[in-house]
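Coordinates from run_18.tsv are shown below (TSV, C-alpha atoms).
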```tsv
chain	number	residue	atom	x	y	z
A	1	MET	CA	25.44	3.53	7.04
A	2	LEU	CA	24.29	5.61	10.02
A	3	PHE	CA	20.70	5.93	8.94
A	4	PHE	CA	20.55	2.27	7.97
A	5	SER	CA	21.68	1.31	11.49
A	6	TYR	CA	19.33	3.88	12.93
A	7	PHE	CA	16.29	2.49	11.11
A	8	LYS	CA	17.28	-1.04	12.10
A	9	GLU	CA	16.89	0.06	15.73
A	10	LEU	CA	13.33	1.14	14.97
A	11	VAL	CA	12.17	-2.25	13.65
A	12	GLY	CA	8.97	-3.29	15.40
A	13	LYS	CA	7.89	0.28	16.15
A	14	GLU	CA	4.99	2.06	14.53
A	15	VAL	CA	6.04	4.70	12.01
A	16	THR	CA	4.35	6.87	9.40
A	17	VAL	CA	6.04	6.99	6.01
A	18	GLU	CA	5.17	9.93	3.79
A	19	LEU	CA	5.97	9.41	0.13
A	20	LYS	CA	6.91	11.95	-2.54
A	21	ASN	CA	3.46	11.49	-4.09
A	22	ASP	CA	1.92	12.68	-0.75
A	23	LEU	CA	0.62	9.22	0.15
A	24	ALA	CA	1.16	8.71	3.89
A	25	ILE	CA	1.17	5.17	5.30
A	26	ARG	CA	1.21	4.17	8.95
A	27	GLY	CA	2.43	0.72	9.96
A	28	ILE	CA	4.81	-1.39	11.99
A	29	LEU	CA	8.37	-1.21	10.62
A	30	HIS	CA	9.14	-4.78	9.56
A	31	SER	CA	12.53	-4.29	7.96
A	32	VAL	CA	14.81	-1.86	6.21
A	33	ASP	CA	17.81	-2.31	3.91
A	34	GLN	CA	20.88	-0.42	2.68
A	35	TYR	CA	18.85	1.60	0.14
A	36	LEU	CA	16.44	2.52	2.94
A	37	ASN	CA	13.75	0.49	1.23
A	38	ILE	CA	11.14	-0.14	3.88
A	39	LYS	CA	8.72	-2.96	4.57
A	40	LEU	CA	5.69	-2.18	6.70
A	41	GLU	CA	3.20	-4.51	8.36
A	42	ASN	CA	-0.36	-3.82	9.47
A	43	THR	CA	-0.46	-0.78	7.25
A	44	ARG	CA	-3.20	1.74	6.92
A	45	VAL	CA	-3.25	4.75	4.68
A	46	VAL	CA	-3.68	8.02	6.56
A	47	ASP	CA	-6.16	9.47	4.03
A	48	GLN	CA	-7.99	6.23	3.12
A	49	ASP	CA	-10.87	7.89	1.21
A	50	LYS	CA	-8.45	9.41	-1.27
A	51	TYR	CA	-6.70	6.09	-1.96
A	52	PRO	CA	-9.42	3.38	-2.21
A	53	HIS	CA	-7.07	0.97	-4.01
A	54	MET	CA	-4.97	0.66	-0.82
A	55	LEU	CA	-7.89	-0.70	1.23
A	56	SER	CA	-6.81	-4.35	1.29
A	57	VAL	CA	-3.06	-3.78	1.56
A	58	ARG	CA	-1.76	-5.04	4.93
A	59	ASN	CA	1.91	-5.60	4.12
A	60	CYS	CA	3.89	-3.46	1.75
A	61	PHE	CA	7.33	-2.74	0.37
A	62	ILE	CA	8.24	0.91	-0.19
A	63	ARG	CA	11.14	1.82	-2.46
A	64	GLY	CA	13.61	4.00	-0.54
A	65	SER	CA	13.94	6.50	-3.38
A	66	VAL	CA	10.29	7.62	-3.11
A	67	VAL	CA	10.25	8.34	0.63
A	68	ARG	CA	9.96	11.98	1.68
A	69	TYR	CA	9.66	11.66	5.46
A	70	VAL	CA	9.54	8.96	8.09
A	71	GLN	CA	7.66	10.09	11.18
A	72	LEU	CA	8.92	8.28	14.25
A	73	PRO	CA	7.45	7.55	17.68
A	74	PRO	CA	8.49	10.23	20.20
A	75	ASP	CA	10.50	7.71	22.20
A	76	GLY	CA	12.19	6.38	19.07
A	77	VAL	CA	15.36	8.41	19.47
A	78	ASP	CA	18.00	8.51	22.16
A	79	ILE	CA	19.53	11.89	21.32
A	80	ASP	CA	22.82	11.24	23.13
A	81	ILE	CA	23.47	7.96	21.35
A	82	LEU	CA	22.50	9.55	18.03
A	83	HIS	CA	24.91	12.44	18.65
A	84	ASP	CA	27.76	10.05	19.44
A	85	ALA	CA	27.03	7.91	16.39
A	86	THR	CA	26.88	11.00	14.18
A	87	ARG	CA	30.28	12.22	15.38
A	88	ARG	CA	31.79	8.76	14.93
A	89	GLU	CA	30.35	8.60	11.38
A	90	ALA	CA	31.65	12.12	10.58
A	91	ARG	CA	35.14	11.10	11.69
A	92	GLY	CA	34.96	8.24	9.27
A	93	GLY	CA	33.79	5.34	11.35
B	1	MET	CA	17.41	-5.55	-0.68
B	2	SER	CA	19.51	-8.62	-0.21
B	3	TRP	CA	19.08	-12.03	-1.70
B	4	ALA	CA	17.45	-13.80	1.12
B	5	GLY	CA	17.54	-17.51	1.69
B	6	PRO	CA	14.44	-19.50	2.55
B	7	ASP	CA	14.96	-19.03	6.30
B	8	ASP	CA	15.26	-15.28	6.52
B	9	SER	CA	13.16	-14.13	3.57
B	10	PHE	CA	10.38	-13.13	5.93
B	11	LEU	CA	12.67	-11.02	8.09
B	12	SER	CA	14.41	-9.09	5.33
B	13	THR	CA	13.34	-6.27	3.07
B	14	SER	CA	13.59	-8.67	0.13
B	15	LEU	CA	10.58	-9.05	-2.12
B	16	ALA	CA	11.02	-12.84	-1.87
B	17	SER	CA	8.09	-13.10	0.55
B	18	PHE	CA	5.88	-11.55	-2.16
B	19	LEU	CA	6.77	-14.12	-4.84
B	20	ASP	CA	3.73	-15.89	-6.30
B	21	LYS	CA	1.36	-13.56	-4.45
B	22	LYS	CA	-1.18	-11.19	-5.89
B	23	LEU	CA	0.17	-7.67	-5.51
B	24	ILE	CA	-0.65	-4.09	-6.26
B	25	VAL	CA	2.24	-2.04	-7.62
B	26	LEU	CA	1.99	1.75	-7.46
B	27	LEU	CA	4.05	3.52	-10.10
B	28	ARG	CA	5.54	7.00	-10.08
B	29	ASP	CA	3.06	8.25	-12.69
B	30	GLY	CA	0.16	7.29	-10.42
B	31	ARG	CA	-0.80	4.09	-12.24
B	32	LYS	CA	-1.78	1.03	-10.26
B	33	LEU	CA	-0.84	-2.39	-11.63
B	34	LEU	CA	-2.14	-5.68	-10.27
B	35	GLY	CA	-0.57	-9.05	-10.89
B	36	THR	CA	1.38	-11.98	-9.53
B	37	LEU	CA	5.07	-11.42	-8.80
B	38	CYS	CA	7.28	-13.81	-10.80
B	39	SER	CA	10.68	-12.25	-10.35
B	40	PHE	CA	12.51	-9.21	-8.98
B	41	ASP	CA	16.01	-7.90	-8.30
B	42	GLN	CA	17.80	-5.47	-5.98
B	43	PHE	CA	16.52	-2.43	-7.94
B	44	ALA	CA	12.91	-3.53	-7.48
B	45	ASN	CA	12.72	-4.36	-11.18
B	46	ALA	CA	9.80	-6.75	-11.21
B	47	VAL	CA	8.01	-9.21	-13.48
B	48	LEU	CA	4.23	-9.37	-13.08
B	49	LEU	CA	2.28	-12.30	-14.43
B	50	GLY	CA	-1.28	-11.63	-15.57
B	51	ALA	CA	-0.86	-7.93	-15.02
B	52	CYS	CA	-3.74	-5.51	-15.31
B	53	GLU	CA	-4.04	-1.79	-14.74
B	54	ARG	CA	-6.68	-0.69	-12.24
B	55	VAL	CA	-8.14	2.54	-13.53
B	56	ILE	CA	-10.19	4.40	-10.91
B	57	VAL	CA	-12.36	7.43	-11.69
B	58	GLY	CA	-14.50	8.57	-8.76
B	59	ASP	CA	-16.62	5.56	-7.75
B	60	LEU	CA	-16.00	3.67	-10.98
B	61	TYR	CA	-13.16	1.29	-11.67
B	62	CYS	CA	-11.95	-1.09	-14.35
B	63	ASP	CA	-9.14	-3.66	-14.51
B	64	VAL	CA	-7.62	-3.35	-17.96
B	65	PRO	CA	-5.75	-6.57	-18.84
B	66	LEU	CA	-2.13	-6.08	-19.93
B	67	GLY	CA	-0.46	-9.52	-19.88
B	68	LEU	CA	3.11	-10.24	-18.74
B	69	TYR	CA	4.78	-7.03	-17.62
B	70	VAL	CA	8.39	-6.21	-16.75
B	71	ILE	CA	8.51	-3.06	-14.62
B	72	ARG	CA	11.69	-1.04	-14.40
B	73	GLY	CA	12.50	-0.57	-10.72
B	74	GLU	CA	12.94	3.20	-10.80
B	75	ASN	CA	9.24	3.59	-11.59
B	76	VAL	CA	8.09	1.60	-8.58
B	77	VAL	CA	6.72	3.54	-5.61
B	78	LEU	CA	5.18	0.79	-3.53
B	79	ILE	CA	4.46	-2.91	-3.75
B	80	GLY	CA	1.57	-4.03	-1.58
B	81	GLU	CA	0.29	-7.50	-0.82
B	82	LEU	CA	-3.47	-7.80	-1.39
B	83	ASP	CA	-5.14	-9.39	1.64
B	84	HIS	CA	-7.69	-12.02	0.52
B	85	GLU	CA	-9.69	-11.55	3.71
B	86	ARG	CA	-10.46	-7.95	2.94
B	87	ASP	CA	-12.39	-6.28	0.15
B	88	GLU	CA	-10.05	-4.92	-2.48
B	89	LEU	CA	-12.13	-1.79	-2.89
B	90	PRO	CA	-14.89	-0.04	-0.92
B	91	ALA	CA	-18.35	-1.58	-1.44
B	92	ASN	CA	-19.73	1.56	-3.11
B	93	MET	CA	-17.32	1.27	-6.05
B	94	LYS	CA	-18.73	-0.06	-9.28
B	95	LYS	CA	-16.93	-2.11	-11.90
B	96	VAL	CA	-17.45	-0.85	-15.44
B	97	SER	CA	-16.17	-1.74	-18.90
B	98	GLU	CA	-12.98	-0.31	-20.36
B	99	ALA	CA	-14.98	1.89	-22.77
B	100	GLU	CA	-16.95	3.37	-19.88
B	101	ILE	CA	-13.90	4.04	-17.73
B	102	ARG	CA	-12.14	5.78	-20.66
B	103	LYS	CA	-15.24	7.94	-21.10
B	104	ALA	CA	-15.24	8.79	-17.39
B	105	GLU	CA	-11.52	9.59	-17.57
B	106	LYS	CA	-12.10	11.94	-20.48
B	107	ALA	CA	-15.02	13.64	-18.72
B	108	GLU	CA	-12.86	14.18	-15.63
B	109	ARG	CA	-10.00	15.55	-17.73
B	110	ASP	CA	-12.33	17.91	-19.63
B	111	ALA	CA	-13.87	19.18	-16.37
B	112	LYS	CA	-10.39	19.86	-15.02
B	113	ASP	CA	-9.32	21.68	-18.20
B	114	LEU	CA	-12.48	23.77	-18.12
B	115	LYS	CA	-11.85	24.72	-14.51
B	116	GLY	CA	-8.33	25.72	-15.49
B	117	THR	CA	-9.44	27.96	-18.35
B	118	MET	CA	-12.23	29.54	-16.28
B	119	ARG	CA	-9.73	30.34	-13.57
B	120	LYS	CA	-7.34	31.82	-16.10
B	121	ARG	CA	-10.06	34.08	-17.48
B	122	MET	CA	-10.94	35.28	-13.99
B	123	GLU	CA	-7.31	35.92	-13.09
B	124	PHE	CA	-7.78	39.69	-13.28
B	125	LEU	CA	-10.03	39.38	-10.21
B	126	ASP	CA	-7.00	38.29	-8.19
B	127	LEU	CA	-8.83	35.44	-6.43
B	128	ASP	CA	-5.92	34.50	-4.16
```

Whole structure given in structure tokens:
Amino acid sequence: MLFFSYFKELVGKEVTVELKNDLAIRGILHSVDQYLNIKLENTRVVDQDKYPHMLSVRNCFIRGSVVRYVQLPPDGVDIDILHDATRREARGG
Amino acid sequence: MSWAGPDDSFLSTSLASFLDKKLIVLLRDGRKLLGTLCSFDQFANAVLLGACERVIVGDLYCDVPLGLYVIRGENVVLIGELDHERDELPANMKKVSEAEIRKAEKAERDAKDLKGTMRKRMEFLDLD
């Protein structure tokens, strides 16, 4: 549940989601769920010329299983809190 | 993806806010389906009404009608809401018939195959 909680903290921030098919989408994180499915708002595709069919997509749902990376804003992580949460999770909650 | 009630459906990851909207669904094999979302579940299994496949080859495209489609969730990559205010495709793209798009697809495939065989023949040159 750690990463679920972690992503919930990032709601409202701008992130770039890179998918396993190399499509990279930048947008405001709208919501996330237990499967790490992601909803983005105000999306734009990083390489728009290569993906013309994505031109009019502003809001999208991304299935968690196809995500390769999520690139976060530099100020998106408080390392100390993350360390503590990780240790707590490793101990079993 | 939880079952969201009417109040929180717009704050959750649920697909409920996409119901009855025109969507584009990207599949794992690279296909792009368009249609109206009728139903879904927690696996992102989805039912598309009036589905069509958008085949794009270079600057040409065609919407091939399919009918009512049930998509198994594991094949779904992305579900995007099509914004009415914006053009669905760049202005330079041209709509063609299904026959023409199939021809263009074949031409592209043949060109790719040819490139592959040429490269194989030249392998002894150690191009990389």

Measuring atom to atom with all atoms listed in the file, identify which of A:Arg88, A:Asn59, A:Gln71, A:Ile81 is nearest to chain B.
->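 Result for the nearest residue to chain B: A:Asn59.
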
Show me which bits of chain A are within 8 Å of chain B, counting all atoms listed in the file, as a list of chain:residue names.
->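 Close enough to count are A:Asn21, A:His30, A:Ser31, A:Val32, A:Asp33, A:Gln34, A:Tyr35, A:Asn37, A:Ile38, A:Lys39, A:Pro52, A:His53, A:Met54, A:Leu55, A:Ser56, A:Val57, A:Arg58, A:Asn59, A:Cys60, A:Phe61, A:Ile62, A:Arg63, A:Val66.
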
Protein/DNA/RNA residues near (-12.5, 9.0, -16.7), cut 6 Å, only C-alpha atoms, as a PyMOL selection string | chain B and resi 57+101-108

Restrict the selected residues to C-alpha atoms and save them as a PDB file, in the frame of the given file.
```
ATOM      1  CA  VAL B  57     -12.360   7.430 -11.690  1.00  0.00           C
ATOM      2  CA  ILE B 101     -13.900   4.040 -17.730  1.00  0.00           C
ATOM      3  CA  ARG B 102     -12.140   5.780 -20.660  1.00  0.00           C
ATOM      4  CA  LYS B 103     -15.240   7.940 -21.100  1.00  0.00           C
ATOM      5  CA  ALA B 104     -15.240   8.790 -17.390  1.00  0.00           C
ATOM      6  CA  GLU B 105     -11.520   9.590 -17.570  1.00  0.00           C
ATOM      7  CA  LYS B 106     -12.100  11.940 -20.480  1.00  0.00           C
ATOM      8  CA  ALA B 107     -15.020  13.640 -18.720  1.00  0.00           C
ATOM      9  CA  GLU B 108     -12.860  14.180 -15.630  1.00  0.00           C
TER      10      GLU B 108
END
```

Shortest interatomic distance to Val96 (chain B) - which of B:Asp113, B:Asp63, B:Asp41, B:Asp20, counting only C-alpha atoms | B:Asp63

Using only C-alpha atoms, determine which residues lie at most 7 Å from region 5-18 of chain A, disregarding the query and same-chain residues fewer than 5 positions distant; provide the list as a ChimeraX atom specification.
-> /A:23-32,67-73,76

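The gap separating CA of Arg72 (chain B) from CA of Asn45 (chain B) is 4.7 Å, in Å to one decimal.
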
Which residues, written as a ChimeraX atom specification, have at least one atom at most 7 Å from Thr36 (chain B), with all atoms listed in the file counted and residues fewer than 5 positions away on the same chain left out?
-> /B:20-23,48-50
